[in-house]
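A.B. asks: I am sharing entry28.pdb, which consists of PDB, C-alpha atoms:
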ATOM      1  CA  MET A 174     239.182 104.021 122.100
ATOM      2  CA  THR A 175     239.019 107.151 124.188
ATOM      3  CA  ASP A 176     242.132 109.248 124.535
ATOM      4  CA  LYS A 177     243.491 108.591 128.027
ATOM      5  CA  SER A 178     244.048 112.317 128.585
ATOM      6  CA  ASP A 179     240.254 112.881 128.308
ATOM      7  CA  THR A 180     239.449 110.075 130.705
ATOM      8  CA  PRO A 181     238.739 110.669 134.388
ATOM      9  CA  GLU A 182     241.530 109.072 136.429
ATOM     10  CA  SER A 183     239.266 106.628 138.261
ATOM     11  CA  VAL A 184     237.598 105.325 135.054
ATOM     12  CA  ASP A 185     239.553 103.207 132.599
ATOM     13  CA  SER A 186     239.269 104.004 128.879
ATOM     14  CA  ASP A 187     238.424 100.355 128.053
ATOM     15  CA  CYS A 188     235.536 100.599 130.507
ATOM     16  CA  LEU A 189     234.303 103.764 128.800
ATOM     17  CA  GLU A 190     234.306 101.986 125.447
ATOM     18  CA  ALA A 191     232.307  99.115 126.937
ATOM     19  CA  PHE A 192     230.030 101.555 128.768
ATOM     20  CA  ASP A 193     229.048 103.098 125.441
ATOM     21  CA  HIS A 194     227.182  99.839 124.721
ATOM     22  CA  LEU A 195     226.226  98.871 128.269
ATOM     23  CA  TYR A 196     222.668 100.234 128.462
ATOM     24  CA  ALA A 197     221.754  98.962 125.013
ATOM     25  CA  TYR A 198     223.155  95.584 126.136
ATOM     26  CA  VAL A 199     221.254  95.372 129.440
ATOM     27  CA  ASN A 200     218.104  96.705 127.742
ATOM     28  CA  GLY A 201     218.325  93.925 125.125
ATOM     29  CA  GLU A 202     218.802  96.474 122.342
ATOM     30  CA  LEU A 203     222.339  95.593 121.270
ATOM     31  CA  THR A 204     221.978  93.488 118.129
ATOM     32  CA  ASP A 205     225.366  93.956 116.478
ATOM     33  CA  LYS A 206     227.158  90.649 117.139
ATOM     34  CA  LYS A 207     230.613  92.236 117.187
ATOM     35  CA  SER A 208     229.553  94.764 119.842
ATOM     36  CA  VAL A 209     227.830  92.058 121.917
ATOM     37  CA  ALA A 210     230.999  89.931 121.778
ATOM     38  CA  MET A 211     233.125  92.950 122.732
ATOM     39  CA  ILE A 212     231.050  93.870 125.774
ATOM     40  CA  GLU A 213     230.652  90.263 126.942
ATOM     41  CA  HIS A 214     234.415  89.766 126.691
ATOM     42  CA  HIS A 215     234.953  92.964 128.696
ATOM     43  CA  LEU A 216     232.387  91.957 131.361
ATOM     44  CA  ASP A 217     234.093  88.574 131.700
ATOM     45  CA  HIS A 218     237.375  90.284 132.512
ATOM     46  CA  CYS A 219     236.399  93.503 134.325
ATOM     47  CA  ARG A 220     234.948  93.099 137.804
ATOM     48  CA  SER A 221     233.977  96.764 138.009
ATOM     49  CA  CYS A 222     231.945  96.755 134.773
ATOM     50  CA  PHE A 223     230.463  93.347 135.640
ATOM     51  CA  SER A 224     229.226  94.870 138.919
ATOM     52  CA  ARG A 225     227.910  97.934 137.111
ATOM     53  CA  ALA A 226     226.023  95.766 134.598
ATOM     54  CA  GLN A 227     224.465  93.817 137.495
ATOM     55  CA  ILE A 228     223.428  97.046 139.189
ATOM     56  CA  GLU A 229     221.974  98.437 135.965
ATOM     57  CA  ARG A 230     219.877  95.264 135.525
ATOM     58  CA  GLU A 231     218.601  95.533 139.089
ATOM     59  CA  LEU A 232     217.907  99.218 138.600
ATOM     60  CA  ASN A 233     215.941  98.353 135.431
ATOM     61  CA  GLU A 234     213.725  96.061 137.502
ATOM     62  CA  ARG A 235     213.263  98.702 140.199
ATOM     63  CA  LEU A 236     212.408 101.401 137.626
ATOM     64  CA  LYS A 237     209.902  99.136 135.906
ATOM     65  CA  ASN A 238     208.074  98.612 139.195
ATOM     66  CA  SER A 239     208.494 102.014 140.849
ATOM     67  CA  GLY A 240     207.898 104.452 138.007
ATOM     68  CA  LYS A 241     204.338 103.381 137.249
ATOM     69  CA  ASN A 242     201.252 105.186 138.507
ATOM     70  CA  THR A 243     197.630 104.108 138.417
ATOM     71  CA  ALA A 244     195.403 106.692 136.768
ATOM     72  CA  PRO A 245     193.033 108.365 139.273
ATOM     73  CA  VAL A 246     189.334 107.499 139.027
ATOM     74  CA  ALA A 247     188.666 111.160 138.201
ATOM     75  CA  LEU A 248     190.793 110.835 135.050
ATOM     76  CA  GLU A 249     189.122 107.571 134.093
ATOM     77  CA  ASN A 250     185.689 109.232 134.358
ATOM     78  CA  ARG A 251     186.906 112.326 132.509
ATOM     79  CA  LEU A 252     188.212 110.272 129.590
ATOM     80  CA  LYS A 253     185.047 108.177 129.475
ATOM     81  CA  LYS A 254     182.931 111.329 129.261
ATOM     82  CA  LEU A 255     185.275 112.881 126.712
ATOM     83  CA  ILE A 256     185.097 109.872 124.404
ATOM     84  CA  GLU A 257     181.312 109.628 124.748
ATOM     85  CA  ASP A 258     181.078 113.219 123.517
ATOM     86  CA  PHE A 259     183.362 112.696 120.507
TER
ATOM     87  CA  MET B  75     178.088  98.256 114.182
ATOM     88  CA  SER B  76     178.858 101.100 111.757
ATOM     89  CA  GLU B  77     182.418 101.987 110.732
ATOM     90  CA  ALA B  78     182.272 105.153 112.865
ATOM     91  CA  GLN B  79     181.092 103.187 115.898
ATOM     92  CA  GLU B  80     183.830 100.603 115.382
ATOM     93  CA  LYS B  81     186.441 103.347 115.182
ATOM     94  CA  LYS B  82     185.213 104.894 118.406
ATOM     95  CA  ALA B  83     185.080 101.510 120.148
ATOM     96  CA  PHE B  84     188.653 100.792 119.045
ATOM     97  CA  PHE B  85     189.802 104.189 120.291
ATOM     98  CA  SER B  86     187.999 103.854 123.627
ATOM     99  CA  ARG B  87     189.385 100.349 124.192
ATOM    100  CA  ASN B  88     192.967 101.415 123.498
ATOM    101  CA  ILE B  89     192.767 104.576 125.590
ATOM    102  CA  ARG B  90     191.483 102.487 128.494
ATOM    103  CA  LYS B  91     194.192  99.886 127.946
ATOM    104  CA  ASN B  92     196.970 102.508 127.938
ATOM    105  CA  MET B  93     195.482 104.915 130.498
ATOM    106  CA  ASP B  94     197.809 104.028 133.383
ATOM    107  CA  SER B  95     200.861 104.205 131.103
ATOM    108  CA  LEU B  96     199.796 107.548 129.640
ATOM    109  CA  TYR B  97     199.159 108.944 133.112
ATOM    110  CA  SER B  98     202.516 107.603 134.413
ATOM    111  CA  VAL B  99     204.504 109.166 131.585
ATOM    112  CA  ALA B 100     202.525 112.421 131.890
ATOM    113  CA  HIS B 101     203.169 112.462 135.639
ATOM    114  CA  ARG B 102     206.906 111.974 135.165
ATOM    115  CA  LEU B 103     206.947 114.802 132.583
ATOM    116  CA  THR B 104     204.757 117.349 134.397
ATOM    117  CA  ARG B 105     205.765 116.216 137.906
ATOM    118  CA  ASN B 106     202.275 116.691 139.296
ATOM    119  CA  SER B 107     198.944 114.875 139.121
ATOM    120  CA  ALA B 108     196.645 117.743 138.060
ATOM    121  CA  ASP B 109     198.775 118.721 135.048
ATOM    122  CA  ALA B 110     199.294 115.050 134.188
ATOM    123  CA  GLN B 111     195.507 114.494 134.051
ATOM    124  CA  ASP B 112     195.036 117.574 131.866
ATOM    125  CA  LEU B 113     197.837 116.395 129.586
ATOM    126  CA  VAL B 114     196.282 112.939 129.143
ATOM    127  CA  ALA B 115     192.844 114.466 128.442
ATOM    128  CA  GLU B 116     194.349 116.847 125.864
ATOM    129  CA  THR B 117     196.248 113.918 124.320
ATOM    130  CA  ALA B 118     193.030 111.901 123.975
ATOM    131  CA  THR B 119     191.283 114.851 122.311
ATOM    132  CA  ARG B 120     194.091 115.432 119.808
ATOM    133  CA  ALA B 121     194.478 111.714 119.150
ATOM    134  CA  TRP B 122     190.787 111.369 118.288
ATOM    135  CA  THR B 123     190.973 114.190 115.763
ATOM    136  CA  ALA B 124     194.025 112.489 114.205
ATOM    137  CA  ILE B 125     192.785 108.887 114.437
ATOM    138  CA  ASP B 126     192.599 108.552 110.639
ATOM    139  CA  ASN B 127     196.363 109.134 110.484
ATOM    140  CA  LEU B 128     197.020 105.951 112.477
ATOM    141  CA  GLU B 129     198.065 103.632 109.663
ATOM    142  CA  ASP B 130     198.684 100.482 111.678
ATOM    143  CA  GLU B 131     196.340  99.784 114.611
ATOM    144  CA  LYS B 132     199.042  97.665 116.263
ATOM    145  CA  ARG B 133     201.171 100.817 116.528
ATOM    146  CA  PHE B 134     198.609 102.607 118.707
ATOM    147  CA  ARG B 135     200.933 102.700 121.748
ATOM    148  CA  PRO B 136     203.948 104.538 120.216
ATOM    149  CA  TRP B 137     201.503 106.695 118.202
ATOM    150  CA  ILE B 138     199.583 107.900 121.290
ATOM    151  CA  PHE B 139     202.810 108.421 123.263
ATOM    152  CA  ARG B 140     204.097 110.599 120.445
ATOM    153  CA  ILE B 141     200.948 112.730 120.604
ATOM    154  CA  LEU B 142     201.318 112.999 124.383
ATOM    155  CA  HIS B 143     204.945 114.042 124.041
ATOM    156  CA  ASN B 144     204.074 116.629 121.383
ATOM    157  CA  CYS B 145     201.244 117.995 123.570
ATOM    158  CA  TYR B 146     203.681 118.319 126.437
ATOM    159  CA  ILE B 147     206.264 120.109 124.281
ATOM    160  CA  SER B 148     203.759 122.471 122.672
ATOM    161  CA  ASP B 149     201.596 123.297 125.710
ATOM    162  CA  TYR B 150     202.845 122.292 129.124
ATOM    163  CA  ARG B 151     206.540 122.964 128.794
ATOM    164  CA  LYS B 152     205.799 126.562 127.803
ATOM    165  CA  LYS B 153     203.765 127.034 130.984
ATOM    166  CA  SER B 154     206.510 125.653 133.210
ATOM    167  CA  VAL B 155     208.033 128.110 135.647
ATOM    168  CA  ARG B 156     211.043 125.863 136.167
ATOM    169  CA  PRO B 157     214.381 127.254 135.008
ATOM    170  CA  VAL B 158     215.496 126.465 131.460
ATOM    171  CA  GLU B 159     217.555 123.307 131.422
ATOM    172  CA  PHE B 160     220.978 122.993 129.876
ATOM    173  CA  ALA B 161     220.857 122.163 126.164
ATOM    174  CA  TYR B 162     222.042 118.552 126.503
ATOM    175  CA  ASP B 163     220.816 117.736 122.995
ATOM    176  CA  GLU B 164     223.873 119.352 121.461
ATOM    177  CA  LEU B 165     226.040 116.887 123.352
ATOM    178  CA  ALA B 166     223.660 114.015 122.672
ATOM    179  CA  THR B 167     224.496 114.105 118.978
ATOM    180  CA  SER B 168     228.260 114.267 119.437
ATOM    181  CA  ASP B 169     230.714 111.374 119.236
ATOM    182  CA  SER B 170     229.576 108.772 121.752
ATOM    183  CA  ASP B 171     232.937 107.918 123.378
ATOM    184  CA  SER B 172     234.032 111.480 123.970
ATOM    185  CA  GLU B 173     230.514 112.438 125.051
ATOM    186  CA  ILE B 174     230.478 109.983 127.957
ATOM    187  CA  ALA B 175     234.038 110.931 128.818
ATOM    188  CA  SER B 176     233.046 114.603 128.723
ATOM    189  CA  LEU B 177     230.102 113.934 131.041
ATOM    190  CA  LEU B 178     232.156 111.906 133.502
ATOM    191  CA  VAL B 179     235.083 114.300 133.533
ATOM    192  CA  LYS B 180     232.756 116.943 135.014
ATOM    193  CA  GLN B 181     231.705 114.725 137.924
ATOM    194  CA  PRO B 182     233.215 114.782 141.430
ATOM    195  CA  ASP B 183     235.884 112.154 142.204
ATOM    196  CA  GLU B 184     233.731 110.560 144.911
ATOM    197  CA  PHE B 185     231.013 109.848 142.369
ATOM    198  CA  LEU B 186     233.513 108.500 139.827
ATOM    199  CA  ASN B 187     234.925 106.140 142.447
ATOM    200  CA  TRP B 188     231.430 104.874 143.138
ATOM    201  CA  TRP B 189     230.632 104.692 139.419
ATOM    202  CA  ALA B 190     233.738 102.583 138.836
ATOM    203  CA  ASN B 191     233.176 100.413 141.954
ATOM    204  CA  PRO B 192     229.425 100.358 142.502
ATOM    205  CA  GLU B 193     227.778  99.038 145.653
ATOM    206  CA  ARG B 194     224.873  96.731 144.890
ATOM    207  CA  GLU B 195     223.303  97.181 148.326
ATOM    208  CA  VAL B 196     222.774 100.883 147.651
ATOM    209  CA  VAL B 197     220.340 100.191 144.800
ATOM    210  CA  ASN B 198     218.595  97.495 146.835
ATOM    211  CA  ASN B 199     218.109  99.850 149.776
ATOM    212  CA  LEU B 200     216.617 102.714 147.784
ATOM    213  CA  LEU B 201     212.889 103.300 148.127
ATOM    214  CA  GLY B 202     210.522 103.639 145.191
ATOM    215  CA  GLU B 203     210.067 107.315 145.994
ATOM    216  CA  ASP B 204     213.856 107.813 145.837
ATOM    217  CA  LEU B 205     213.836 106.413 142.304
ATOM    218  CA  ILE B 206     210.936 108.641 141.274
ATOM    219  CA  ARG B 207     212.665 111.711 142.702
ATOM    220  CA  ALA B 208     215.840 110.768 140.804
ATOM    221  CA  ILE B 209     213.930 110.294 137.532
ATOM    222  CA  GLU B 210     212.182 113.633 137.976
ATOM    223  CA  SER B 211     215.505 115.374 138.573
ATOM    224  CA  LEU B 212     216.722 114.478 135.064
ATOM    225  CA  PRO B 213     216.732 117.044 132.252
ATOM    226  CA  GLU B 214     213.606 116.560 130.159
ATOM    227  CA  SER B 215     215.027 114.867 127.063
ATOM    228  CA  PHE B 216     216.842 112.262 129.175
ATOM    229  CA  ARG B 217     213.860 111.831 131.481
ATOM    230  CA  SER B 218     211.581 111.030 128.524
ATOM    231  CA  ALA B 219     213.969 108.395 127.168
ATOM    232  CA  VAL B 220     214.479 106.709 130.557
ATOM    233  CA  VAL B 221     210.739 106.671 131.348
ATOM    234  CA  LEU B 222     209.648 105.382 127.936
ATOM    235  CA  ILE B 223     212.306 102.652 127.835
ATOM    236  CA  ASN B 224     212.833 101.622 131.449
ATOM    237  CA  VAL B 225     209.375 102.236 132.903
ATOM    238  CA  GLU B 226     207.066 101.683 129.920
ATOM    239  CA  GLY B 227     209.197  99.103 128.137
ATOM    240  CA  LEU B 228     209.264 100.726 124.690
ATOM    241  CA  SER B 229     212.060  99.695 122.329
ATOM    242  CA  TYR B 230     214.738 102.166 121.239
ATOM    243  CA  ASP B 231     213.082 102.352 117.800
ATOM    244  CA  GLU B 232     209.642 103.053 119.294
ATOM    245  CA  THR B 233     211.134 105.666 121.616
ATOM    246  CA  ALA B 234     212.839 107.310 118.653
ATOM    247  CA  GLU B 235     209.443 107.463 116.920
ATOM    248  CA  VAL B 236     207.786 108.991 120.011
ATOM    249  CA  LEU B 237     210.490 111.604 120.543
ATOM    250  CA  GLY B 238     210.983 112.347 116.835
ATOM    251  CA  VAL B 239     214.736 111.639 116.946
ATOM    252  CA  SER B 240     217.039 108.940 115.544
ATOM    253  CA  PRO B 241     217.603 105.625 117.400
ATOM    254  CA  GLY B 242     221.260 106.692 117.783
ATOM    255  CA  THR B 243     220.159 109.790 119.679
ATOM    256  CA  VAL B 244     217.931 107.649 121.902
ATOM    257  CA  ARG B 245     220.910 105.406 122.726
ATOM    258  CA  SER B 246     223.007 108.456 123.467
ATOM    259  CA  ARG B 247     220.308 109.978 125.699
ATOM    260  CA  MET B 248     219.992 106.688 127.575
ATOM    261  CA  ASN B 249     223.748 106.587 128.233
ATOM    262  CA  ARG B 250     223.750 110.115 129.569
ATOM    263  CA  GLY B 251     220.359 109.917 131.283
ATOM    264  CA  ARG B 252     221.204 106.751 133.168
ATOM    265  CA  THR B 253     224.587 108.144 134.203
ATOM    266  CA  LEU B 254     222.873 111.266 135.573
ATOM    267  CA  LEU B 255     220.279 109.033 137.256
ATOM    268  CA  GLN B 256     223.119 107.152 138.946
ATOM    269  CA  LYS B 257     224.527 110.449 140.124
ATOM    270  CA  ALA B 258     221.184 111.563 141.557
ATOM    271  CA  LEU B 259     220.841 108.220 143.357
ATOM    272  CA  TRP B 260     224.415 108.417 144.616
ATOM    273  CA  GLN B 261     223.759 111.908 146.011
ATOM    274  CA  HIS B 262     220.608 110.686 147.723
ATOM    275  CA  ALA B 263     222.392 107.604 149.080
ATOM    276  CA  GLN B 264     225.122 109.808 150.526
ATOM    277  CA  GLU B 265     222.606 112.129 152.201
ATOM    278  CA  ALA B 266     220.676 109.150 153.565
ATOM    279  CA  GLY B 267     223.860 107.485 154.866
ATOM    280  CA  LEU B 268     223.370 104.427 152.644
ATOM    281  CA  ILE B 269     226.964 104.401 151.377
ATOM    282  CA  SER B 270     229.052 102.400 153.825
ATOM    283  CA  GLU B 271     231.853 104.056 155.809
ATOM    284  CA  ASN B 272     234.286 101.354 154.686
ATOM    285  CA  TYR B 273     233.526 102.200 151.090
ATOM    286  CA  LEU B 274     234.063 105.921 151.626
ATOM    287  CA  MET B 275     237.377 105.230 153.403
ATOM    288  CA  GLU B 276     238.499 103.038 150.499
ATOM    289  CA  SER B 277     237.490 105.747 148.030
ATOM    290  CA  HIS B 278     239.609 108.297 149.799
ATOM    291  CA  SER B 279     242.661 106.067 150.327
TER
END
For the file at hand, write its structure as structure tokens.

C.D. replies:
Amino acid sequence: MTDKSDTPESVDSDCLEAFDHLYAYVNGELTDKKSVAMIEHHLDHCRSCFSRAQIERELNERLKNSGKNTAPVALENRLKKLIEDF
Amino acid sequence: MSEAQEKKAFFSRNIRKNMDSLYSVAHRLTRNSADAQDLVAETATRAWTAIDNLEDEKRFRPWIFRILHNCYISDYRKKSVRPVEFAYDELATSDSDSEIASLLVKQPDEFLNWWANPEREVVNNLLGEDLIRAIESLPESFRSAVVLINVEGLSYDETAEVLGVSPGTVRSRMNRGRTLLQKALWQHAQEAGLISENYLMESHS
């Protein structure tokens, strides 16, 4: 657990410990059962972290949809030509 | 079809299949369309010369992303006129608890209040272009991790392979990158008046 003296006043040290695993958890990358149990227990009891986890999930969805670009036709033609010449 | 023709057909098919993804990642890295197109073309050229090094055809996606990332590091980053970014990597390998604490302790109280008591509506009200601007404001190593994982859907292990770092470093970069992304979004939300007055009053009480 984080030393309280290093912790910003408005953020609890238990939350910081849970936060260390939060993104891996919401990204489906947390496989260690003990860590999953720890964060799920914390989210069940901490309204703030529960809200943050919800926001991070929603942000994941927004990023998935907003960050993508369609390649311009000029690039498509350029790559086609490039590969033909290989 | 000869072996050479089959190889070329395989390469062409997979480039086409991944073209939008390659262009998206290149665009987020270079922050402009012309450089992104050049980067993808250079990636395709280098990938073709190295195609015999691809051991598992099913791993084409992380393999080509790694080549793109290496092209960006070796060519485009050197050309960039943007100021040198802070060496976050040193912090990214430090102890994970203290590293998040050390990042948060540097943030303004208003942001920490929001971080600890987030408003869901703020994320819902942000436009796609706000998210893109926030992603592009991230230091490069964090930007790469966030784009590869959250936009392109690569796993932490695949992202580690692309970036040439350990999965632990990827996890660490995600923690820091997403926290900085939240800060960029919070700053934008404040400027755009998306954070409610009631919330700001509560934060200051």

A.B. asks: Enumerate, as an NGL selection string, the residues matched when the ChimeraX specification (/B :<9) & /A is run on the file above.

C.D. replies: :A and (174-176 or 179-186 or 188-190 or 192-197 or 200-202 or 220-222 or 224-225 or 227-229 or 231-245 or 247-249 or 251-253 or 255-257 or 259)

A.B. asks: In Å, with one decimal, what is the gap from CA of Tyr146 in chain B to CA of Leu255 in chain B?

C.D. replies: 21.9 Å

A.B. asks: Please, what is the axis-aligned box for every listed atom of range 93-100 of chain B with 8 Å on each side, as centre and edge lengths in Å to one decimal, as lines of an AutoDock Vina configuration file?

C.D. replies:
center_x = 200.0
center_y = 108.2
center_z = 132.0
size_x = 25.0
size_y = 24.4
size_z = 20.8

A.B. asks: Just give me the gap between CA of Thr117 in chain B and CA of Arg247 in chain B in Å, one decimal is fine.

C.D. replies: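 Computed distance, CA of Thr117 in chain B to CA of Arg247 in chain B, equals 24.4 Å.
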
A.B. asks: Take CA of Ala121 in chain B and CA of Ile141 in chain B and report the distance between them in Å, one decimal.

C.D. replies: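 Those two atoms sit 6.7 Å apart.
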
A.B. asks: When you count all atoms listed in the file, which of these residues is closest to Lys257 in chain B: B:Ala124, B:Leu142, B:Ala78, B:Ala208?

C.D. replies: B:Ala208

A.B. asks: Fix up range 106-134 of chain B with N, CA and C atoms, then write it as an mmCIF file, in the coordinates of the input.

C.D. replies:
data_model
loop_
_atom_site.group_PDB
_atom_site.id
_atom_site.type_symbol
_atom_site.label_atom_id
_atom_site.label_comp_id
_atom_site.auth_asym_id
_atom_site.auth_seq_id
_atom_site.Cartn_x
_atom_site.Cartn_y
_atom_site.Cartn_z
ATOM 1 N N ASN B 106 203.402 116.569 138.366
ATOM 2 C CA ASN B 106 202.275 116.691 139.296
ATOM 3 C C ASN B 106 201.014 116.081 138.669
ATOM 4 N N SER B 107 200.108 115.651 139.561
ATOM 5 C CA SER B 107 198.944 114.875 139.121
ATOM 6 C C SER B 107 197.944 115.705 138.306
ATOM 7 N N ALA B 108 197.666 116.933 138.750
ATOM 8 C CA ALA B 108 196.645 117.743 138.060
ATOM 9 C C ALA B 108 197.058 118.019 136.610
ATOM 10 N N ASP B 109 198.298 118.458 136.414
ATOM 11 C CA ASP B 109 198.775 118.721 135.048
ATOM 12 C C ASP B 109 198.836 117.430 134.231
ATOM 13 N N ALA B 110 199.213 116.338 134.895
ATOM 14 C CA ALA B 110 199.294 115.050 134.188
ATOM 15 C C ALA B 110 197.906 114.656 133.669
ATOM 16 N N GLN B 111 196.874 114.850 134.478
ATOM 17 C CA GLN B 111 195.507 114.494 134.051
ATOM 18 C C GLN B 111 195.065 115.379 132.887
ATOM 19 N N ASP B 112 195.378 116.664 132.980
ATOM 20 C CA ASP B 112 195.036 117.574 131.866
ATOM 21 C C ASP B 112 195.767 117.161 130.585
ATOM 22 N N LEU B 113 197.034 116.784 130.757
ATOM 23 C CA LEU B 113 197.837 116.395 129.586
ATOM 24 C C LEU B 113 197.265 115.136 128.922
ATOM 25 N N VAL B 114 196.857 114.166 129.716
ATOM 26 C CA VAL B 114 196.282 112.939 129.143
ATOM 27 C C VAL B 114 194.948 113.252 128.443
ATOM 28 N N ALA B 115 194.139 114.108 129.063
ATOM 29 C CA ALA B 115 192.844 114.466 128.442
ATOM 30 C C ALA B 115 193.075 115.198 127.118
ATOM 31 N N GLU B 116 194.030 116.118 127.090
ATOM 32 C CA GLU B 116 194.349 116.847 125.864
ATOM 33 C C GLU B 116 194.892 115.880 124.798
ATOM 34 N N THR B 117 195.699 114.928 125.240
ATOM 35 C CA THR B 117 196.248 113.918 124.320
ATOM 36 C C THR B 117 195.115 113.112 123.682
ATOM 37 N N ALA B 118 194.158 112.692 124.507
ATOM 38 C CA ALA B 118 193.030 111.901 123.975
ATOM 39 C C ALA B 118 192.243 112.710 122.950
ATOM 40 N N THR B 119 192.035 113.999 123.237
ATOM 41 C CA THR B 119 191.283 114.851 122.311
ATOM 42 C C THR B 119 192.012 114.991 120.974
ATOM 43 N N ARG B 120 193.318 115.273 121.058
ATOM 44 C CA ARG B 120 194.091 115.432 119.808
ATOM 45 C C ARG B 120 194.208 114.117 119.047
ATOM 46 N N ALA B 121 194.343 113.030 119.799
ATOM 47 C CA ALA B 121 194.478 111.714 119.150
ATOM 48 C C ALA B 121 193.202 111.376 118.376
ATOM 49 N N TRP B 122 192.045 111.692 118.968
ATOM 50 C CA TRP B 122 190.787 111.369 118.288
ATOM 51 C C TRP B 122 190.664 112.143 116.972
ATOM 52 N N THR B 123 191.069 113.402 116.999
ATOM 53 C CA THR B 123 190.973 114.190 115.763
ATOM 54 C C THR B 123 191.961 113.682 114.703
ATOM 55 N N ALA B 124 193.004 112.971 115.157
ATOM 56 C CA ALA B 124 194.025 112.489 114.205
ATOM 57 C C ALA B 124 193.940 110.982 113.983
ATOM 58 N N ILE B 125 192.861 110.357 114.461
ATOM 59 C CA ILE B 125 192.785 108.887 114.437
ATOM 60 C C ILE B 125 192.931 108.310 113.021
ATOM 61 N N ASP B 126 192.487 109.066 112.011
ATOM 62 C CA ASP B 126 192.599 108.552 110.639
ATOM 63 C C ASP B 126 194.047 108.491 110.156
ATOM 64 N N ASN B 127 194.935 109.174 110.864
ATOM 65 C CA ASN B 127 196.363 109.134 110.484
ATOM 66 C C ASN B 127 197.089 107.898 111.043
ATOM 67 N N LEU B 128 196.403 107.169 111.924
ATOM 68 C CA LEU B 128 197.020 105.951 112.477
ATOM 69 C C LEU B 128 196.932 104.855 111.424
ATOM 70 N N GLU B 129 198.073 104.569 110.794
ATOM 71 C CA GLU B 129 198.065 103.632 109.663
ATOM 72 C C GLU B 129 197.984 102.173 110.104
ATOM 73 N N ASP B 130 198.643 101.860 111.207
ATOM 74 C CA ASP B 130 198.684 100.482 111.678
ATOM 75 C C ASP B 130 198.121 100.449 113.106
ATOM 76 N N GLU B 131 196.982 99.799 113.287
ATOM 77 C CA GLU B 131 196.340 99.784 114.611
ATOM 78 C C GLU B 131 197.222 99.172 115.692
ATOM 79 N N LYS B 132 198.128 98.292 115.282
ATOM 80 C CA LYS B 132 199.042 97.665 116.263
ATOM 81 C C LYS B 132 200.064 98.661 116.797
ATOM 82 N N ARG B 133 200.196 99.801 116.115
ATOM 83 C CA ARG B 133 201.171 100.817 116.528
ATOM 84 C C ARG B 133 200.508 101.910 117.374
ATOM 85 N N PHE B 134 199.336 101.592 117.926
ATOM 86 C CA PHE B 134 198.609 102.607 118.707
ATOM 87 C C PHE B 134 199.468 103.158 119.843
#
